[in-house]
Amino acid sequence: MALITVSGLTKSYGSRQVLHGIDLNVDEGEILGVLGPNGSGKTTAVECIGGLRDRDGGSVSVAGMDPATDPLALREMLGMQLQQCRLPNKMRVAEALDLYSAFYADPRPAGELLERFGLSAHAHQPFGKLSGGQQQRLSIALALIGRPRIAFLDELTTGLDPAARREIWEYLRLLRDDGVTMLLVTHFMEEAAYLCDRVAILEGGRIVASGTPDAIATATGGQETSFAADDAIDPDTLRRLPGVASVDLDRGRVVVRGDADSPQAVLAALASNGVTARQLRVTAPSLDDAYLSLTASAPTSTTQEGSLR
Amino acid sequence: MTTPTAPTTATVAPPRARFAKAYAAHLRSESRLLSREGAALVFGAVLPLAAIVVMSAIPAAREPLADFGGLPVVRTYQPTILLFATSVLGLTVMPAILGGYRQAGILRRLRTTPASPATLLAALFTVVAAVGLLVGALIVAIPALAGAGLPTHLGWFALAGLLSLLAFLALGTVLAAVVGSPQVAAGLGNVVAALMWFSAGLWLPRQLFPDWLVTLTDLVPGGAAAQAMLDATVGVQPSWQPFVVLAAWTVAGALVAVRTFRWE
């Protein structure tokens, strides 16, 4: 059952329309990734769904409540981690947890969160002295202190080093195992592919693709088959194969791009020509490629929009 | 962690109890944070108190002088020192903290919780005002304990001091509301505070002001509060005018601040 339902969500800032009718469904216990380039409306969408901004049109239901009419009950069950929100530099970790626990009816014990987020040793350190990763971990801990059923996490690993990022991902996986439904705003494809059950790609205030990371990657991105170059095979032979889109020579390797069936066709062609494919590599289509091809159309669509006005 | 449970509406505390709990937590937190902000308190509390302690320690400053209308020197300085403290707390400490909270996204973050950021504002007001009241009380009490006596009309003196604190807090919040950067807001606060000190006669005694300057400075909180406190000190019944001026600035400042303040 969908815990979050959004349909036809629109929002403008002055004369600039930021959201052009967003439709989203997030099922209970699911992690939905919202991807998109800067300025695509990700944060605005999350803020409208979370009730921090008034929407212009459309309907939003979060656990059966409308954020526009029922904000207080929503705050109690929705934990939000926002971009660029800090704590006072001189506030200590344990003090922050203590303060935020006073806001909720049934808060999680601070000790449990400190341990869970690896902050026990830093409980008495001021926020300003924590590393970026520790600050983000505290920020997530604060978002979860009220035992929310739903958590919105906006670019929580931006600016972190890869090790710290991995660490945060592990925490989020544990949370999902607890049954927390999450809406994750990110611009890291790797993060989305690793964590999200489904992703929605936002571009120019519209959702241009949604589905499981694999499905999006396969639908849009292509298979890539490559092997050490061999004079016995003519690139043109490969180019004529069904499903092959391109054949290139790159640093001593033949690189064939094509649809899902293209690797089979290439291997069959090599075998029938008596060529052994050495250092053969077939790479799965990546979400990265899909994302880039989906969002690359951005300038065109904005121009079209401009000419319509 | 246990399985997250959704609080039902029945377990949600009524708004008043909820506010009281969050307010008490903010109060503890803001008191702790302010006590760690040494620089903010040096000008608003330590310096004025040092001045009053030093003056009270000098025997000559405690003796009544015919040149000062039979008053000890330390008591003629009480209004100025008190206004210095309240203006620094209200006009520079308040906008610096409040603007800093907004800039760091602290108020925005609080909007996502069941507690409104207004609760933090209320707690911050309480803590800064409490510091102002404590400093003001000491500025009155220390010379008295040293033997220089209390202001002649203690009640009027205290009322003028309290109203000056409220007026400066309201104006400091207006500065935080209309100026985006906390550094600029606090800097402007310093300029406004300096004008208040001038109006109060810190650099040039008000007795030496030409008439037009007296009329003008009577209309600003610094001048109005100084006049009321000086009258109360020398034993003249203060007129109602300075109190109306102070109350008007407080109310107008509070209204403008509430209308213009943005959480982010």
# chains A, B, ... in the order shown; residues from 1 in each chain; ligands from 1
$ interface_residues --of "chain A" --to "chain B" --cutoff "9 Å" --atoms "only C-alpha atoms" --output "compact mmCIF listing (two decimals) with N, CA and C atoms, in the first residue's frame"
# COMPACT_ATOMS: atom_id res chain seq x y z
N GLY A 50 6.76 17.43 2.34
CA GLY A 50 6.97 17.43 3.79
C GLY A 50 6.25 18.57 4.51
N GLY A 51 5.57 19.44 3.74
CA GLY A 51 4.78 20.50 4.36
C GLY A 51 5.59 21.71 4.80
N LEU A 52 6.83 21.83 4.31
CA LEU A 52 7.62 23.02 4.65
C LEU A 52 7.31 24.17 3.71
N PRO A 71 -0.36 19.78 9.57
CA PRO A 71 1.10 19.79 9.69
C PRO A 71 1.61 19.18 10.99
N LEU A 72 0.92 19.41 12.10
CA LEU A 72 1.48 18.99 13.38
C LEU A 72 1.54 17.47 13.52
N ALA A 73 0.45 16.80 13.14
CA ALA A 73 0.43 15.34 13.22
C ALA A 73 1.48 14.76 12.28
N LEU A 74 1.69 15.43 11.15
CA LEU A 74 2.69 14.96 10.19
C LEU A 74 4.10 15.07 10.76
N ARG A 75 4.41 16.21 11.43
CA ARG A 75 5.74 16.42 12.02
C ARG A 75 6.12 15.29 12.97
N GLU A 76 5.08 14.74 13.62
CA GLU A 76 5.32 13.71 14.63
C GLU A 76 5.77 12.40 13.99
N MET A 77 5.35 12.13 12.77
CA MET A 77 5.71 10.84 12.16
C MET A 77 6.66 10.94 10.99
N LEU A 78 7.05 12.16 10.67
CA LEU A 78 7.95 12.36 9.54
C LEU A 78 9.25 12.98 10.04
N GLY A 79 10.36 12.27 9.84
CA GLY A 79 11.67 12.82 10.19
C GLY A 79 12.31 13.40 8.95
N MET A 80 12.78 14.64 9.03
CA MET A 80 13.39 15.24 7.84
C MET A 80 14.82 15.66 8.12
N GLN A 81 15.69 15.29 7.20
CA GLN A 81 17.07 15.74 7.28
C GLN A 81 17.24 16.66 6.09
N LEU A 82 17.50 17.94 6.36
CA LEU A 82 17.53 18.92 5.27
C LEU A 82 18.96 19.27 4.88
N GLN A 83 19.08 19.77 3.67
CA GLN A 83 20.37 20.25 3.20
C GLN A 83 20.79 21.48 3.98
N GLN A 84 22.07 21.61 4.21
CA GLN A 84 22.64 22.84 4.79
C GLN A 84 21.95 23.28 6.06
N CYS A 85 21.67 22.32 6.93
CA CYS A 85 21.15 22.70 8.23
C CYS A 85 22.18 22.27 9.26
N ARG A 86 22.63 23.23 10.03
CA ARG A 86 23.63 22.93 11.04
C ARG A 86 23.04 23.05 12.43
N LEU A 87 23.85 22.80 13.41
CA LEU A 87 23.46 23.04 14.80
C LEU A 87 24.40 24.13 15.30
N PRO A 88 24.08 24.77 16.43
CA PRO A 88 25.03 25.75 16.97
C PRO A 88 26.37 25.06 17.20
N LYS A 90 28.67 25.33 19.28
CA LYS A 90 29.08 24.99 20.64
C LYS A 90 28.12 24.01 21.32
N MET A 91 27.09 23.57 20.59
CA MET A 91 26.17 22.58 21.17
C MET A 91 26.82 21.20 21.08
N GLU A 95 23.78 16.98 24.02
CA GLU A 95 22.85 18.07 24.27
C GLU A 95 21.85 18.23 23.13
N ALA A 96 22.34 18.04 21.90
CA ALA A 96 21.45 18.15 20.74
C ALA A 96 20.39 17.06 20.79
N ASP A 98 19.33 15.50 23.43
CA ASP A 98 18.48 15.81 24.57
C ASP A 98 17.44 16.87 24.19
N LEU A 99 17.90 17.91 23.49
CA LEU A 99 17.00 18.99 23.07
C LEU A 99 15.91 18.46 22.14
N TYR A 100 16.32 17.73 21.10
CA TYR A 100 15.35 17.26 20.11
C TYR A 100 14.40 16.21 20.68
N SER A 101 14.85 15.47 21.69
CA SER A 101 13.95 14.46 22.26
C SER A 101 12.79 15.13 23.00
N ALA A 102 12.97 16.40 23.38
CA ALA A 102 11.89 17.11 24.08
C ALA A 102 10.75 17.50 23.13
N PHE A 103 10.99 17.38 21.81
CA PHE A 103 9.97 17.81 20.84
C PHE A 103 8.96 16.71 20.53
N TYR A 104 9.29 15.46 20.88
CA TYR A 104 8.44 14.34 20.44
C TYR A 104 7.77 13.64 21.61
N ALA A 105 6.64 13.03 21.29
CA ALA A 105 5.84 12.37 22.32
C ALA A 105 6.58 11.14 22.88
N ASP A 106 7.21 10.37 22.01
CA ASP A 106 7.83 9.12 22.44
C ASP A 106 9.21 8.98 21.80
N ARG A 108 13.17 8.21 20.89
CA ARG A 108 14.12 7.11 21.12
C ARG A 108 15.12 7.56 22.17
N GLU A 112 20.76 4.95 22.72
CA GLU A 112 20.54 4.02 21.62
C GLU A 112 20.99 4.64 20.29
N LEU A 113 20.64 5.93 20.10
CA LEU A 113 21.01 6.61 18.86
C LEU A 113 22.52 6.84 18.78
N ARG A 116 24.00 3.54 17.87
CA ARG A 116 23.60 3.16 16.53
C ARG A 116 24.37 3.94 15.47
N ALA A 143 16.89 13.28 12.94
CA ALA A 143 15.70 13.09 12.11
C ALA A 143 14.93 11.85 12.54
N GLY A 146 12.32 10.91 16.83
CA GLY A 146 10.90 10.83 17.17
C GLY A 146 10.22 9.56 16.70
N ARG A 147 11.02 8.51 16.37
CA ARG A 147 10.50 7.24 15.83
C ARG A 147 9.60 7.48 14.64
N PRO A 148 10.09 8.17 13.61
CA PRO A 148 9.22 8.45 12.46
C PRO A 148 8.95 7.17 11.67
N ARG A 149 7.80 7.11 11.04
CA ARG A 149 7.52 6.01 10.10
C ARG A 149 8.16 6.32 8.76
N LEU A 175 18.16 0.87 8.77
CA LEU A 175 16.89 1.56 9.00
C LEU A 175 15.79 0.98 8.16
N ASP A 178 14.36 -1.87 9.57
CA ASP A 178 13.43 -1.55 10.65
C ASP A 178 12.04 -1.20 10.13
N GLY A 179 11.92 -1.04 8.83
CA GLY A 179 10.62 -0.72 8.24
C GLY A 179 10.37 0.75 8.03
N VAL A 180 11.41 1.59 8.15
CA VAL A 180 11.21 3.02 7.91
C VAL A 180 11.13 3.26 6.40
$ select_by_dssp --residues "range 7-201 of chain B" --states "strand (DSSP E)" --output "list of chain:residue names"
B:Pro64, B:Leu65, B:Leu71, B:Pro72
$ write_last_selection --atoms "C-alpha atoms" --output "PDB file, in the first residue's frame"
ATOM      1  CA  PRO B  64      27.643  62.891  48.000  1.00  0.00           C
ATOM      2  CA  LEU B  65      28.966  65.851  46.006  1.00  0.00           C
ATOM      3  CA  LEU B  71      24.497  62.756  44.756  1.00  0.00           C
ATOM      4  CA  PRO B  72      27.527  60.436  44.713  1.00  0.00           C
TER       5      PRO B  72
END
$ residues_around --residues "range 196-210 of chain A" --least-positions-apart "5" --cutoff "7 Å" --atoms "only C-alpha atoms" --output "PyMOL selection string"
chain A and resi 18-22+30-37+40-42+216+295+298
$ residues_around --residues "Ile52 in chain B" --least-positions-apart "3" --cutoff "9 Å" --atoms "only C-alpha atoms" --output "VMD selection string"
chain B and resid 47 to 49 55 to 57 74 77 to 78 81 138 to 140 142 to 143
$ residues_around --residues "Gln241 in chain B" --least-positions-apart "4" --cutoff "12 Å" --atoms "only C-alpha atoms" --output "VMD selection string"
chain B and resid 160 215 218 to 221 223 to 225 227 to 228 237 245 to 248
$ residues_around --residues "range 242-248 of chain A" --least-positions-apart "5" --cutoff "8 Å" --atoms "only C-alpha atoms" --output "list in words"
Pro235, Val254, Val255, Val256, Arg257, Gly258, Asp259, Ala260, Asp261, Ser262 and Ala265 of chain A
$ residues_around --residues "Pro95 in chain B" --least-positions-apart "6" --cutoff "7 Å" --atoms "only C-alpha atoms" --output "PyMOL selection string"
chain B and resi 172-173+175-176+182+185-186
$ write_last_selection --atoms "C-alpha atoms" --output "PDB file, in the first residue's frame"
ATOM      1  CA  GLY B 172      17.504  44.069  17.826  1.00  0.00           C
ATOM      2  CA  THR B 173      14.989  41.511  16.531  1.00  0.00           C
ATOM      3  CA  LEU B 175      17.558  44.247  12.778  1.00  0.00           C
ATOM      4  CA  ALA B 176      17.836  40.447  12.610  1.00  0.00           C
ATOM      5  CA  PRO B 182      24.143  38.274  11.184  1.00  0.00           C
ATOM      6  CA  ALA B 185      22.965  43.080  11.608  1.00  0.00           C
ATOM      7  CA  ALA B 186      25.200  43.072  14.695  1.00  0.00           C
TER       8      ALA B 186
END
$ atom_distance --atom1 "CA of Gly201 in chain B" --atom2 "CA of Gly161 in chain B"
15.5 Å
$ atom_distance --atom1 "CA of Asn38 in chain A" --atom2 "CA of Arg137 in chain A"
23.6 Å
$ select_by_dssp --residues "range 55-87 of chain B" --states "helix (DSSP H, G or I)" --output "ChimeraX atom specification"
/B:55-57,59-62,66-68,73-87
$ decode --residues "range 103-148 of chain A" --atoms "N, CA and C atoms" --output "compact mmCIF listing (two decimals), in the first residue's frame"
# COMPACT_ATOMS: atom_id res chain seq x y z
N PHE A 103 10.99 17.38 21.81
CA PHE A 103 9.97 17.81 20.84
C PHE A 103 8.96 16.71 20.53
N TYR A 104 9.29 15.46 20.88
CA TYR A 104 8.44 14.34 20.44
C TYR A 104 7.77 13.64 21.61
N ALA A 105 6.64 13.03 21.29
CA ALA A 105 5.84 12.37 22.32
C ALA A 105 6.58 11.14 22.88
N ASP A 106 7.21 10.37 22.01
CA ASP A 106 7.83 9.12 22.44
C ASP A 106 9.21 8.98 21.80
N PRO A 107 10.18 9.78 22.26
CA PRO A 107 11.47 9.79 21.58
C PRO A 107 12.28 8.51 21.83
N ARG A 108 13.17 8.21 20.89
CA ARG A 108 14.12 7.11 21.12
C ARG A 108 15.12 7.56 22.17
N PRO A 109 15.62 6.64 23.01
CA PRO A 109 16.63 7.03 24.00
C PRO A 109 17.91 7.51 23.29
N ALA A 110 18.52 8.57 23.83
CA ALA A 110 19.71 9.15 23.21
C ALA A 110 20.84 8.12 23.12
N GLY A 111 20.98 7.31 24.18
CA GLY A 111 22.06 6.33 24.21
C GLY A 111 21.98 5.35 23.05
N GLU A 112 20.76 4.95 22.72
CA GLU A 112 20.54 4.02 21.62
C GLU A 112 20.99 4.64 20.29
N LEU A 113 20.64 5.93 20.10
CA LEU A 113 21.01 6.61 18.86
C LEU A 113 22.52 6.84 18.78
N LEU A 114 23.11 7.21 19.92
CA LEU A 114 24.56 7.45 19.95
C LEU A 114 25.30 6.19 19.51
N GLU A 115 24.84 5.05 20.05
CA GLU A 115 25.50 3.80 19.73
C GLU A 115 25.27 3.42 18.28
N ARG A 116 24.00 3.54 17.87
CA ARG A 116 23.60 3.16 16.53
C ARG A 116 24.37 3.94 15.47
N PHE A 117 24.60 5.22 15.74
CA PHE A 117 25.26 6.06 14.74
C PHE A 117 26.74 6.28 15.04
N GLY A 118 27.30 5.44 15.90
CA GLY A 118 28.74 5.49 16.16
C GLY A 118 29.19 6.81 16.76
N LEU A 119 28.35 7.40 17.61
CA LEU A 119 28.71 8.71 18.17
C LEU A 119 28.95 8.66 19.67
N SER A 120 28.92 7.45 20.26
CA SER A 120 29.06 7.35 21.71
C SER A 120 30.33 8.02 22.21
N ALA A 121 31.43 7.83 21.47
CA ALA A 121 32.71 8.40 21.90
C ALA A 121 32.74 9.92 21.74
N HIS A 122 31.78 10.45 20.98
CA HIS A 122 31.79 11.90 20.69
C HIS A 122 30.66 12.63 21.41
N ALA A 123 29.99 11.96 22.34
CA ALA A 123 28.80 12.53 22.97
C ALA A 123 29.06 13.91 23.56
N HIS A 124 30.28 14.14 24.04
CA HIS A 124 30.55 15.43 24.70
C HIS A 124 31.33 16.39 23.82
N GLN A 125 31.40 16.05 22.51
CA GLN A 125 32.09 16.98 21.61
C GLN A 125 31.12 18.01 21.06
N PRO A 126 31.58 19.26 20.91
CA PRO A 126 30.71 20.27 20.30
C PRO A 126 30.52 19.99 18.81
N PHE A 127 29.35 20.35 18.30
CA PHE A 127 29.01 20.10 16.89
C PHE A 127 30.08 20.64 15.94
N GLY A 128 30.59 21.83 16.22
CA GLY A 128 31.57 22.46 15.35
C GLY A 128 32.89 21.71 15.24
N LYS A 129 33.16 20.82 16.20
CA LYS A 129 34.42 20.08 16.18
C LYS A 129 34.27 18.70 15.55
N LEU A 130 33.05 18.33 15.15
CA LEU A 130 32.84 17.01 14.54
C LEU A 130 33.28 17.03 13.08
N SER A 131 33.63 15.86 12.55
CA SER A 131 33.94 15.76 11.12
C SER A 131 32.63 15.85 10.34
N GLY A 132 32.74 16.07 9.03
CA GLY A 132 31.54 16.17 8.20
C GLY A 132 30.66 14.93 8.32
N GLY A 133 31.30 13.76 8.34
CA GLY A 133 30.54 12.51 8.43
C GLY A 133 29.82 12.39 9.77
N GLN A 134 30.51 12.81 10.83
CA GLN A 134 29.89 12.75 12.16
C GLN A 134 28.72 13.72 12.25
N GLN A 135 28.90 14.91 11.65
CA GLN A 135 27.81 15.89 11.67
C GLN A 135 26.58 15.34 10.93
N GLN A 136 26.82 14.67 9.81
CA GLN A 136 25.70 14.11 9.04
C GLN A 136 25.03 12.98 9.80
N ARG A 137 25.85 12.17 10.49
CA ARG A 137 25.29 11.07 11.26
C ARG A 137 24.41 11.60 12.38
N LEU A 138 24.87 12.68 13.01
CA LEU A 138 24.07 13.30 14.07
C LEU A 138 22.76 13.85 13.49
N SER A 139 22.89 14.44 12.30
CA SER A 139 21.72 15.02 11.65
C SER A 139 20.68 13.93 11.35
N ILE A 140 21.15 12.76 10.90
CA ILE A 140 20.20 11.67 10.64
C ILE A 140 19.61 11.17 11.96
N ALA A 141 20.47 11.07 12.98
CA ALA A 141 19.99 10.62 14.28
C ALA A 141 18.87 11.53 14.78
N LEU A 142 19.04 12.85 14.59
CA LEU A 142 18.01 13.80 15.04
C LEU A 142 16.73 13.63 14.23
N ALA A 143 16.89 13.28 12.94
CA ALA A 143 15.70 13.09 12.11
C ALA A 143 14.93 11.85 12.54
N LEU A 144 15.61 10.92 13.22
CA LEU A 144 14.96 9.65 13.57
C LEU A 144 14.56 9.57 15.04
N ILE A 145 14.86 10.62 15.79
CA ILE A 145 14.70 10.56 17.25
C ILE A 145 13.23 10.41 17.65
N GLY A 146 12.32 10.91 16.83
CA GLY A 146 10.90 10.83 17.17
C GLY A 146 10.22 9.56 16.70
N ARG A 147 11.02 8.51 16.37
CA ARG A 147 10.50 7.24 15.83
C ARG A 147 9.60 7.48 14.64
N PRO A 148 10.09 8.17 13.61
CA PRO A 148 9.22 8.45 12.46
C PRO A 148 8.95 7.17 11.67
